[in-house]
Amino acid sequence: LRDLARRSKPRAEDDVAQVDAYARDELGIDKIEPWDRAYAAEKLREARYSYSDAEVKRYFTQRAVFKGLFGLVEKLRPPSGIQMSSILK
């Protein structure tokens, strides 16, 4: 894990710097606070990729996600005596 953290930290710092720059330059937020960063990151993602979390969420309801997750778990390693599909009912 330490190796992964060491290798991913520069990329994460670059991402934060890009979000902060976008917040400052495009959104007019001079001093970005931790609670501003998620908003600024979403706006940057929308501007760059025409992608919005809100648009995608409607296709991934909790029930659909759990059904897919439990289906995958059953295929990989079925639990003894427990049917995951019965949990979804």
# chains A, B, ... in the order shown; residues from 1 in each chain; ligands from 1
call {"tool": "select_by_dssp", "arguments": {"residues": "chain A", "states": "helix (DSSP H, G or I)", "output": "ChimeraX atom specification"}}
result
/A:2-25,34-49,53-57,62-76,84-87
call {"tool": "residues_around", "arguments": {"residues": "Leu27 of chain A", "least_positions_apart": "5", "cutoff": "10 Å", "atoms": "only C-alpha atoms", "output": "PyMOL selection string"}}
result
chain A and resi 20-22+40+43-44
call {"tool": "closest_residue", "arguments": {"among": "A:Ala38, A:Leu1, A:Ala23, A:Leu76", "to": "Asp53 of chain A", "atoms": "only C-alpha atoms"}}
result
A:Ala38
call {"tool": "atom_distance", "arguments": {"atom1": "atom CA of Arg37 of chain A", "atom2": "atom CA of Val16 of chain A"}}
result
8.2 Å
call {"tool": "atom_distance", "arguments": {"atom1": "atom CA of Lys57 of chain A", "atom2": "atom CA of Arg45 of chain A"}}
result
14.9 Å
